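Student: Just so it is clear, I am handing over my_file.cif, which has mmCIF, C-alpha atoms.
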data_protein
#
loop_
_atom_site.label_atom_id
_atom_site.label_comp_id
_atom_site.auth_asym_id
_atom_site.auth_seq_id
_atom_site.Cartn_x
_atom_site.Cartn_y
_atom_site.Cartn_z
CA MET A 1 1.34 138.07 173.01
CA LEU A 2 4.17 139.19 175.23
CA ILE A 3 5.20 142.81 175.56
CA SER A 4 8.62 141.89 174.15
CA THR A 5 6.93 140.68 170.97
CA VAL A 6 5.06 143.97 170.67
CA PHE A 7 8.29 145.91 171.14
CA MET A 8 9.99 143.76 168.49
CA TRP A 9 7.34 144.63 165.89
CA VAL A 10 7.43 148.30 166.84
CA ALA A 11 11.20 148.28 166.39
CA ILE A 12 10.87 146.60 162.98
CA ALA A 13 8.28 149.17 161.87
CA ALA A 14 10.44 152.04 163.12
CA GLY A 15 13.42 150.59 161.27
CA ILE A 16 11.46 150.44 158.03
CA VAL A 17 10.21 154.01 158.47
CA VAL A 18 13.75 155.29 158.94
CA ALA A 19 15.65 152.97 156.60
CA LEU A 20 13.68 153.22 153.35
CA PRO A 21 13.61 157.02 152.97
CA CYS A 22 17.29 157.14 153.96
CA LEU A 23 18.05 154.47 151.37
CA TRP A 24 16.26 156.52 148.71
CA LEU A 25 18.11 159.70 149.70
CA LEU A 26 21.39 157.78 149.54
CA GLY A 27 20.47 156.68 146.01
CA LEU A 28 19.73 160.30 145.13
CA ALA A 29 23.13 161.40 146.43
CA LEU A 30 25.13 158.62 144.77
CA TRP A 31 23.26 158.10 141.48
CA PRO A 32 21.13 161.17 140.64
CA ALA A 33 20.97 160.38 136.90
CA ALA A 34 19.74 156.84 137.59
CA LEU A 35 17.07 158.19 139.94
CA GLN A 36 15.99 160.67 137.26
CA ARG A 37 15.62 157.80 134.76
CA ARG A 38 13.62 155.70 137.23
CA ALA A 39 11.36 158.66 138.04
CA LEU A 40 10.89 159.23 134.31
CA VAL A 41 9.88 155.59 133.86
CA VAL A 42 7.28 155.91 136.63
CA THR A 43 5.78 159.05 135.05
CA LEU A 44 4.90 156.94 132.00
CA GLY A 45 2.76 154.65 134.16
CA ILE A 46 3.19 152.13 136.94
CA GLY A 47 1.57 149.15 135.19
CA MET A 48 4.53 148.09 133.06
CA PRO A 49 7.08 148.34 135.91
CA LEU A 50 4.80 146.22 138.11
CA LEU A 51 4.47 143.55 135.42
CA LEU A 52 8.18 143.54 134.65
CA GLY A 53 8.99 143.47 138.36
CA LEU A 54 7.26 140.10 138.67
CA LEU A 55 10.27 138.41 137.02
CA PRO A 56 12.70 139.24 139.88
CA LEU A 57 9.90 138.42 142.34
CA PHE A 58 9.62 134.89 140.97
CA LEU A 59 13.42 134.64 140.99
CA THR A 60 13.50 135.72 144.64
CA LEU A 61 10.79 133.22 145.57
CA ALA A 62 12.57 130.43 143.68
CA ILE A 63 15.92 131.15 145.35
CA GLY A 64 14.25 131.42 148.75
CA SER A 65 12.44 128.10 148.33
CA LYS A 66 15.54 126.26 147.03
CA LEU A 67 17.79 127.56 149.79
CA GLY A 68 15.10 127.60 152.47
CA LYS A 69 17.03 125.90 155.27
CA GLY A 70 20.44 127.17 154.15
CA GLY A 71 20.86 129.89 156.76
CA ILE A 72 23.08 132.73 155.59
CA THR A 73 23.51 131.21 152.15
CA ALA A 74 19.77 131.58 151.59
CA LEU A 75 19.52 134.96 153.24
CA LEU A 76 22.27 136.65 151.24
CA PRO A 77 20.86 136.31 147.67
CA VAL A 78 17.29 137.01 148.77
CA GLY A 79 18.45 139.98 150.84
CA LEU A 80 20.44 141.40 147.93
CA LEU A 81 17.46 141.08 145.59
CA LEU A 82 15.20 142.80 148.13
CA LEU A 83 17.79 145.53 148.66
CA TRP A 84 17.88 146.08 144.89
CA GLY A 85 14.08 146.30 144.72
CA PHE A 86 13.66 148.67 147.63
CA THR A 87 16.58 150.86 146.55
CA CYS A 88 15.19 151.27 143.06
CA ALA A 89 11.79 152.29 144.42
CA ASP A 90 13.35 155.75 144.81
CA GLY A 91 11.93 156.70 141.42
CA LEU A 92 8.43 155.99 142.71
CA ALA A 93 9.12 158.01 145.87
CA THR A 94 10.40 160.91 143.79
CA PHE A 95 7.37 160.71 141.49
CA VAL A 96 4.99 160.78 144.46
CA GLY A 97 6.89 163.69 146.01
CA ARG A 98 6.84 165.64 142.73
CA SER A 99 3.11 165.00 142.33
CA VAL A 100 2.24 166.25 145.79
CA TRP A 101 4.88 169.00 146.13
CA PRO A 102 5.85 170.20 142.64
CA GLN A 103 8.93 172.37 142.17
CA ARG A 104 8.34 175.52 140.20
CA ASP A 105 11.62 175.36 138.30
CA GLY A 106 11.42 171.61 137.55
CA SER A 107 14.65 170.80 139.38
CA LEU A 108 15.18 167.67 141.44
CA SER A 109 14.96 168.38 145.13
CA TRP A 110 15.86 165.95 147.88
CA LYS A 111 12.78 167.17 149.73
CA GLN A 112 10.54 165.70 147.04
CA THR A 113 12.19 162.30 147.36
CA PHE A 114 12.07 162.46 151.16
CA ARG A 115 8.45 163.55 151.39
CA GLY A 116 7.30 161.08 148.74
CA GLY A 117 9.21 158.37 150.54
CA LEU A 118 7.52 159.21 153.82
CA LEU A 119 4.14 158.98 152.11
CA LEU A 120 4.97 155.56 150.66
CA VAL A 121 6.39 154.22 153.92
CA GLY A 122 3.49 155.65 155.90
CA SER A 123 1.03 153.87 153.65
CA ALA A 124 3.06 150.66 153.98
CA LEU A 125 2.59 150.81 157.75
CA LEU A 126 -1.16 150.29 157.46
CA PRO A 127 -2.04 147.03 159.17
CA MET A 128 -2.52 144.11 156.79
CA VAL A 129 -3.01 146.15 153.59
CA GLY A 130 0.32 147.89 153.91
CA TRP A 131 2.26 144.90 155.19
CA ILE A 132 0.92 142.33 152.73
CA LEU A 133 0.20 144.47 149.64
CA ILE A 134 1.94 147.86 149.59
CA LEU A 135 5.37 146.95 150.99
CA PRO A 136 5.95 144.01 148.59
CA LEU A 137 4.61 146.10 145.70
CA LEU A 138 7.25 148.73 146.49
CA ALA A 139 9.98 146.14 145.87
CA VAL A 140 8.23 144.82 142.74
CA ALA A 141 7.82 148.35 141.37
CA GLY A 142 11.47 149.06 142.20
CA TRP A 143 12.61 146.01 140.24
CA GLY A 144 10.44 146.94 137.28
CA THR A 145 11.49 150.59 137.16
CA SER A 146 15.13 149.56 137.46
CA ILE A 147 14.88 147.15 134.53
CA LEU A 148 12.97 149.66 132.40
CA SER A 149 15.40 152.46 133.27
CA TRP A 150 18.25 150.46 131.75
CA PHE A 151 16.62 151.08 128.36
CA ALA A 152 15.33 154.60 129.02
CA LYS A 153 17.11 157.63 127.66
CA SER A 154 18.66 159.95 130.19
CA PRO A 155 16.49 162.98 130.79
CA PRO A 156 17.94 166.26 129.58
CA SER A 157 19.81 168.18 132.21
CA PRO A 158 17.98 171.27 133.43
CA PRO A 159 19.15 174.50 131.85
CA SER A 160 21.64 176.47 133.84
CA PRO A 161 20.39 179.75 135.27
CA PRO A 162 21.21 182.80 133.17
CA SER A 163 24.31 184.63 134.20
CA PRO A 164 23.86 188.17 135.49
CA PRO A 165 24.50 190.89 132.93
CA SER A 166 27.97 192.31 132.91
CA PRO A 167 28.35 195.94 133.92
CA PRO A 168 28.68 198.42 131.06
CA PRO A 169 32.24 199.44 130.20
CA HIS A 170 33.49 202.72 131.52
CA ASP A 171 34.10 205.09 128.62
CA ARG A 172 35.05 208.06 130.67
CA ILE A 173 38.53 209.40 130.28
CA GLU A 174 39.98 211.00 133.34
#
Could I get this file's structure written as structure tokens?
Tutor:
Amino acid sequence: MLISTVFMWVAIAAGIVVALPCLWLLGLALWPAALQRRALVVTLGIGMPLLLGLLPLFLTLAIGSKLGKGGITALLPVGLLLLWGFTCADGLATFVGRSVWPQRDGSLSWKQTFRGGLLLVGSALLPMVGWILILPLLAVAGWGTSILSWFAKSPPSPPSPPSPPSPPPHDRIE
């Protein structure tokens, strides 16, 4: 193995470590209600999202095998499906972050999504187990939570903080 090959794989791993948590934070910034629904779906259990996520996986494999030698025409649909799966894994990252670092007031914090995302990406960097099992399961879980969140009710918005009491009226006559 040449040193350039080693550097290539290090650069790919570094790209994944940076890109996925940033993608999940971008999803939090652009679609906070959708992320809340996906996180709510994950709190009910990860089994059903994983099973339901197998449908887009088979679709991705079928498209990839049909368009195998098609160059960009094969890469574009498969890449879009993978982008959808990894983007929608933000609910899982938020769930992991909330489990490890709970907020006292129950509000959604970007730190929970970021820290949970770093835990997921860090576990996906494990040689063999992370590359072959955890990283693909992130996309499958993302597909499943996305599909289930289409039918989930939106979580109630957190109550607004109470307003400070108004000062008493001045009854003094001067």
Student: Mind listing whatever residues come within 10 Å of the point (11.5, 149.4, 131.9)? Use all atoms listed in the file, file coordinates, and give them as a JSON list (two decimals) with C-alpha atoms, in the coordinates of the input.
Tutor:
[["chain", "number", "residue", "atom", "x", "y", "z"],
["A", 37, "ARG", "CA", 15.62, 157.80, 134.76],
["A", 38, "ARG", "CA", 13.62, 155.70, 137.23],
["A", 41, "VAL", "CA", 9.88, 155.59, 133.86],
["A", 42, "VAL", "CA", 7.28, 155.91, 136.63],
["A", 48, "MET", "CA", 4.53, 148.09, 133.06],
["A", 49, "PRO", "CA", 7.08, 148.34, 135.91],
["A", 50, "LEU", "CA", 4.80, 146.22, 138.11],
["A", 51, "LEU", "CA", 4.47, 143.55, 135.42],
["A", 52, "LEU", "CA", 8.18, 143.54, 134.65],
["A", 53, "GLY", "CA", 8.99, 143.47, 138.36],
["A", 143, "TRP", "CA", 12.61, 146.01, 140.24],
["A", 144, "GLY", "CA", 10.44, 146.94, 137.28],
["A", 145, "THR", "CA", 11.49, 150.59, 137.16],
["A", 146, "SER", "CA", 15.13, 149.56, 137.46],
["A", 147, "ILE", "CA", 14.88, 147.15, 134.53],
["A", 148, "LEU", "CA", 12.97, 149.66, 132.40],
["A", 149, "SER", "CA", 15.40, 152.46, 133.27],
["A", 150, "TRP", "CA", 18.25, 150.46, 131.75],
["A", 151, "PHE", "CA", 16.62, 151.08, 128.36],
["A", 152, "ALA", "CA", 15.33, 154.60, 129.02]]
Student: From the list A:Leu133, A:Leu44, A:Leu81, A:Leu138, which residue is nearest A:Ala62 when using only C-alpha atoms?
Tutor: A:Leu81
Student: Kindly indicate which residue among A:Ser109, A:Ser65, A:Ser4, A:Thr60 lies nearest to A:Gln36, using only C-alpha atoms for the distances.
Tutor: A:Ser109
Student: List the residues selected by the PyMOL selection byres ((chain A and resi 122) around 12) in the file shown, writing them as an NGL selection string.
Tutor: :A and (13-14 or 16-18 or 20-21 or 93 or 114-121 or 123-127 or 129-131 or 134-135)
Student: What residues have an atom no more than 12 Å from (20.0, 135.7, 149.8) in the file's own frame, counting all atoms listed in the file, and can you write them as a PyMOL selection string?
Tutor: chain A and resi 59-84
Student: Please expand the PyMOL selection byres ((chain A and resi 89) around 8) into the concrete residues it hits in this file, giving the result as a list in words.
Tutor: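 Output from the PyMOL selection byres ((chain A and resi 89) around 8), applied to this file: Trp24, Gly85, Phe86, Thr87, Cys88, Asp90, Gly91, Leu92, Ala93, Leu138, Ala139, Ala141, Gly142, Trp143 and Thr145 of chain A.
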Student: Which residues, written as a PyMOL selection string, have at least one atom at most 12 Å from A:Pro102, with all atoms listed in the file counted and residues fewer than 6 positions away on the same chain left out?
Tutor: chain A and resi 94-96+108-109+111-113+115-116
Student: Please determine, counting only C-alpha atoms, which residue among A:Ala39, A:Ile12, A:Leu55, A:Val100 has the shortest atom-to-atom distance to A:Val140.
Tutor: A:Leu55
Student: Would you mind reading off the distance between atom CA of A:Cys22 and atom CA of A:Leu35, one decimal, in Å?
Tutor: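 Computed distance, atom CA of A:Cys22 to atom CA of A:Leu35, equals 14.1 Å.
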Student: To one decimal place, how far is atom CA of A:Gly47 from atom CA of A:Pro32 in Å?
Tutor: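 Going from atom CA of A:Gly47 over to atom CA of A:Pro32, I get 23.6 Å.
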Student: Just to confirm, what's the straight-line distance from atom CA of A:Leu54 to atom CA of A:Trp110 in Å (one decimal)?
Tutor: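 Between atom CA of A:Leu54 and atom CA of A:Trp110 the gap is 28.8 Å.
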Student: Hey, could you pull the box centre and edge lengths for stretch 80-93 of chain A, axis-aligned, 4 Å padding per side, all listed atoms, to one decimal in Å, as lines of an AutoDock Vina configuration file?
Tutor:
center_x = 14.4
center_y = 149.5
center_z = 145.0
size_x = 20.0
size_y = 24.9
size_z = 15.2
Student: Between A:Pro165, A:Met128, A:Leu137, A:Lys153, which is the closest to A:Ala33 once you count all atoms listed in the file?
Tutor: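 Checking each of A:Pro165, A:Met128, A:Leu137, A:Lys153 against A:Ala33, counting all atoms listed in the file, the winner is A:Lys153.
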